[in-house]
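A short worksheet on the structure shown next.
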Amino acid sequence: EIRAFEETKPYALVCHQEAEGRHHVFTATNIQPVPEHISLIIGDAAHAARTCLDHLAWALAQSPNDRTSFPIWDAPKADREGNERHPTIAGGISNECRTLLKQVQPYSGGKNPRASPLVWLRELDNLDKHRFVVAGIATHESSDYGFVPDISVVDAPDMFPTWGVLLDGEEVCRFVFSEPKPDQHIEFHIAFEVGV
């Protein structure tokens with residue numbers, strides 16, 4: 001569904017020139033809203049994936065109970081005496097499972113636990129249960145371009161992209177030539193994405 005929406009090209013790119021043709025500026029216009037049903041699909045997918053982790057926890061627990069679930073920790077935790085607590089699963093798990101569970105926690109994997117896919121999954125699932133997941137941000141994270149007619153490396157302009165959220169009427173990319181090029185045509189395309 002997201003790919004189908006992206007393929008409709010729900011935006012237009014307009015190029016205008018500034019500084020007597022030295023600057024070729026692309027702006028995004030006519031940005032279409034992300035269809036509401038995509039939000040429902042994302043929420044369902046997040047909930048199903050989170051449920052799979054809880055099913056795994058149930059299968060690993062020695063005596064599963066109503067508190068058995070898969071823990072997702074952004075940071076290590078401590079008990080009242082300040083001793084480090086290790087993530088576990090209610091109902092008891094083997095020492096081998098406990099070691100693996102600690103290794104997969106977001107705080108164990110790098111410098112930014114909040115960027116972990118497990119944290120994203122937890123947050124999306126919680127949003128979907130208590131609010132409405134809004135897939136309403138159109139973004140561009142990369143682009144490709146060419147020049148017609150083709151220009152040599154000597155004449156190539158500097159490129160100044162504005163990555164991130166597409167805003168109607170806002171600049172997406174600026175090409176700056178060292179000399180005016182009012183007749184230069186630039187084929188510019190963005191890699192469009194739907195963000196949550």
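Residue numbering restarts at 1 for every chain of the structure tokens, chains are lettered A, B, ... in their displayed order, and ligands are numbered from 1 as they appear.
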
Practice prompt. Name the residues of range 24-162 of chain A that come out as helix (DSSP H, G or I) in a backbone DSSP run; write them as a ChimeraX atom specification.
Written response: /A:36-60,95-103,106-108,113-115,117-130,153-155

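Summary of the local environment: counting only C-alpha atoms, residues at most 10 Å from Leu166 in chain A, other than itself and those fewer than 6 positions away along its chain, are Tyr11, Thr27, Ala28, Thr29, Ile31, Ile137, Ala138, Thr139, His140, Val172, Phe192 and Glu193 of chain A.
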
Dump as a PDB file, in the first residue's frame, selection limited to N, CA and C atoms:
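Saved to selection-v7.pdb:
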```pdb
ATOM      1  N   TYR A  11       3.196  14.300  -5.337  1.00  0.00           N
ATOM      2  CA  TYR A  11       3.820  15.610  -5.183  1.00  0.00           C
ATOM      3  C   TYR A  11       4.280  16.044  -6.570  1.00  0.00           C
ATOM      4  N   THR A  27      11.522  23.050  -5.766  1.00  0.00           N
ATOM      5  CA  THR A  27      10.608  23.084  -4.630  1.00  0.00           C
ATOM      6  C   THR A  27       9.552  22.001  -4.821  1.00  0.00           C
ATOM      7  N   ALA A  28       9.013  21.528  -3.710  1.00  0.00           N
ATOM      8  CA  ALA A  28       7.950  20.523  -3.738  1.00  0.00           C
ATOM      9  C   ALA A  28       6.606  21.236  -3.651  1.00  0.00           C
ATOM     10  N   THR A  29       5.680  20.837  -4.509  1.00  0.00           N
ATOM     11  CA  THR A  29       4.342  21.436  -4.494  1.00  0.00           C
ATOM     12  C   THR A  29       3.297  20.329  -4.606  1.00  0.00           C
ATOM     13  N   ILE A  31       1.672  18.512  -2.530  1.00  0.00           N
ATOM     14  CA  ILE A  31       1.931  17.303  -1.754  1.00  0.00           C
ATOM     15  C   ILE A  31       0.607  16.738  -1.260  1.00  0.00           C
ATOM     16  N   ILE A 137       3.643  11.767   7.038  1.00  0.00           N
ATOM     17  CA  ILE A 137       4.771  12.620   6.703  1.00  0.00           C
ATOM     18  C   ILE A 137       5.420  12.083   5.439  1.00  0.00           C
ATOM     19  N   ALA A 138       5.487  12.902   4.421  1.00  0.00           N
ATOM     20  CA  ALA A 138       6.175  12.538   3.197  1.00  0.00           C
ATOM     21  C   ALA A 138       7.594  13.076   3.299  1.00  0.00           C
ATOM     22  N   THR A 139       8.576  12.218   3.068  1.00  0.00           N
ATOM     23  CA  THR A 139       9.968  12.635   3.207  1.00  0.00           C
ATOM     24  C   THR A 139      10.775  12.245   1.982  1.00  0.00           C
ATOM     25  N   HIS A 140      11.937  12.863   1.860  1.00  0.00           N
ATOM     26  CA  HIS A 140      12.899  12.433   0.850  1.00  0.00           C
ATOM     27  C   HIS A 140      14.248  12.303   1.541  1.00  0.00           C
ATOM     28  N   VAL A 172      13.615  21.889  -1.932  1.00  0.00           N
ATOM     29  CA  VAL A 172      14.047  20.500  -1.789  1.00  0.00           C
ATOM     30  C   VAL A 172      15.526  20.381  -2.129  1.00  0.00           C
ATOM     31  N   PHE A 192      11.175   9.249  -2.639  1.00  0.00           N
ATOM     32  CA  PHE A 192      10.056   9.615  -1.782  1.00  0.00           C
ATOM     33  C   PHE A 192       9.747   8.491  -0.795  1.00  0.00           C
ATOM     34  N   GLU A 193       9.478   8.842   0.453  1.00  0.00           N
ATOM     35  CA  GLU A 193       9.146   7.850   1.466  1.00  0.00           C
ATOM     36  C   GLU A 193       7.994   8.357   2.321  1.00  0.00           C
TER      37      GLU A 193
END
```

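When only C-alpha atoms are used to compute distances to Ile38 in chain A, the closest of the residues A:Trp163, A:Phe5, A:Trp120, A:Phe70 turns out to be A:Phe5.
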
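As for CA of His23 in chain A and CA of Glu171 in chain A, they are spaced 12.1 Å apart.
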
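Closest approach to Phe26 in chain A among A:Asp66, A:Glu179, A:Asp168, A:Asp128: A:Asp168, based on only C-alpha atoms.
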
With a cut-off of 9 Å, could you pull out the residues of range 14-86 of chain A touching range 107-119 of chain A and give me the nearest pair of atoms for each, distance in Å to one decimal, using only C-alpha atoms, ordered by chain and ascending number, as a tab-separated table?
```
residue	atom	partner	partner_atom	distance
A:Arg50	CA	A:Leu118	CA	8.8
A:Ile72	CA	A:Leu118	CA	6.8
A:Trp73	CA	A:Tyr107	CA	6.7
A:Asp74	CA	A:Tyr107	CA	5.1
A:Ala75	CA	A:Tyr107	CA	5.1
A:Pro76	CA	A:Tyr107	CA	6.8
```

Item to complete: Pick out the residues sitting within 9 Å of Ile89 in chain A, and hand them over as a VMD selection string; count only C-alpha atoms, and ignore anything fewer than 2 positions along from it in its own chain.
Response: chain A and resid 57 to 58 60 to 61 64 67 to 71 87 91 to 93 98 101

Practice prompt. Using only C-alpha atoms, pick whichever of A:Val34, A:Ser178, A:Gly21, A:His16 has the shortest atom-to-atom distance to Arg3 in chain A.
Written response: A:Val34

Worksheet item: Where in chain A does DSSP assign strand (DSSP E), given as a PyMOL selection string?
Response: chain A and resi 12-18+23-29+77-78+84-85+137-148+158-161+164-165+171-176+185-195

Expected file contents, prior selection, C-alpha atoms, as a PDB file, in the first residue's frame:
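Result went into again_34.pdb, see below:
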```pdb
ATOM      1  CA  ALA A  12       5.252  17.781  -7.950  1.00  0.00           C
ATOM      2  CA  LEU A  13       8.721  19.250  -8.265  1.00  0.00           C
ATOM      3  CA  VAL A  14       9.030  22.730  -9.709  1.00  0.00           C
ATOM      4  CA  CYS A  15      12.318  24.321 -10.732  1.00  0.00           C
ATOM      5  CA  HIS A  16      12.948  28.034 -10.847  1.00  0.00           C
ATOM      6  CA  GLN A  17      16.133  30.008 -11.334  1.00  0.00           C
ATOM      7  CA  GLU A  18      17.733  32.685  -9.199  1.00  0.00           C
ATOM      8  CA  HIS A  23      20.984  28.892  -8.944  1.00  0.00           C
ATOM      9  CA  HIS A  24      18.501  26.238 -10.069  1.00  0.00           C
ATOM     10  CA  VAL A  25      16.078  25.698  -7.166  1.00  0.00           C
ATOM     11  CA  PHE A  26      13.652  22.775  -6.877  1.00  0.00           C
ATOM     12  CA  THR A  27      10.608  23.084  -4.630  1.00  0.00           C
ATOM     13  CA  ALA A  28       7.950  20.523  -3.738  1.00  0.00           C
ATOM     14  CA  THR A  29       4.342  21.436  -4.494  1.00  0.00           C
ATOM     15  CA  LYS A  77      17.600  -0.885  35.360  1.00  0.00           C
ATOM     16  CA  ALA A  78      18.636  -1.188  38.993  1.00  0.00           C
ATOM     17  CA  GLU A  84      21.900  -3.921  38.064  1.00  0.00           C
ATOM     18  CA  ARG A  85      18.729  -5.794  37.150  1.00  0.00           C
ATOM     19  CA  ILE A 137       4.771  12.620   6.703  1.00  0.00           C
ATOM     20  CA  ALA A 138       6.175  12.538   3.197  1.00  0.00           C
ATOM     21  CA  THR A 139       9.968  12.635   3.207  1.00  0.00           C
ATOM     22  CA  HIS A 140      12.899  12.433   0.850  1.00  0.00           C
ATOM     23  CA  GLU A 141      16.155  10.872   1.957  1.00  0.00           C
ATOM     24  CA  SER A 142      18.039  10.617  -1.333  1.00  0.00           C
ATOM     25  CA  SER A 143      17.842  11.780  -4.919  1.00  0.00           C
ATOM     26  CA  ASP A 144      19.267  11.315  -8.379  1.00  0.00           C
ATOM     27  CA  TYR A 145      19.813  13.873 -11.072  1.00  0.00           C
ATOM     28  CA  GLY A 146      21.271  14.418 -14.508  1.00  0.00           C
ATOM     29  CA  PHE A 147      21.879  17.285 -16.872  1.00  0.00           C
ATOM     30  CA  VAL A 148      20.501  17.765 -20.378  1.00  0.00           C
ATOM     31  CA  ASP A 158      27.433  22.346  -6.214  1.00  0.00           C
ATOM     32  CA  MET A 159      24.339  20.555  -4.930  1.00  0.00           C
ATOM     33  CA  PHE A 160      22.599  21.587  -1.692  1.00  0.00           C
ATOM     34  CA  PRO A 161      19.764  19.178  -0.823  1.00  0.00           C
ATOM     35  CA  GLY A 164      13.691  15.242   5.384  1.00  0.00           C
ATOM     36  CA  VAL A 165      10.046  16.220   5.508  1.00  0.00           C
ATOM     37  CA  GLU A 171      12.976  24.113  -1.202  1.00  0.00           C
ATOM     38  CA  VAL A 172      14.047  20.500  -1.789  1.00  0.00           C
ATOM     39  CA  CYS A 173      17.370  21.044  -3.571  1.00  0.00           C
ATOM     40  CA  ARG A 174      19.505  23.874  -4.936  1.00  0.00           C
ATOM     41  CA  PHE A 175      22.098  23.521  -7.685  1.00  0.00           C
ATOM     42  CA  VAL A 176      24.638  26.358  -7.775  1.00  0.00           C
ATOM     43  CA  HIS A 185      17.970  21.603 -17.886  1.00  0.00           C
ATOM     44  CA  ILE A 186      18.306  19.413 -14.773  1.00  0.00           C
ATOM     45  CA  GLU A 187      16.524  16.066 -14.455  1.00  0.00           C
ATOM     46  CA  PHE A 188      15.970  15.792 -10.696  1.00  0.00           C
ATOM     47  CA  HIS A 189      14.124  13.014  -8.847  1.00  0.00           C
ATOM     48  CA  ILE A 190      13.746  12.365  -5.152  1.00  0.00           C
ATOM     49  CA  ALA A 191      13.470   9.045  -3.340  1.00  0.00           C
ATOM     50  CA  PHE A 192      10.056   9.615  -1.782  1.00  0.00           C
ATOM     51  CA  GLU A 193       9.146   7.850   1.466  1.00  0.00           C
ATOM     52  CA  VAL A 194       6.217   7.759   3.895  1.00  0.00           C
ATOM     53  CA  GLY A 195       7.211   8.374   7.507  1.00  0.00           C
TER      54      GLY A 195
END
```

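Among the candidate residues A:Asn30, A:Asn95, A:Thr162, A:Ser39, the one lying nearest to Glu1 in chain A is A:Ser39, with distances computed using only C-alpha atoms.
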
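You will find CA of Ile41 in chain A at 13.3 Å from CA of Leu127 in chain A.
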
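Straight-line separation from CA of Pro33 in chain A to CA of Ala45 in chain A: 20.7 Å.
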
Discussion item. I want to know what sits within 9 Å of Ala49 in chain A, based on only C-alpha atoms, with residues of the same chain fewer than 5 positions away left out; could you give that as a VMD selection string?
Written reply: chain A and resid 44 121 125
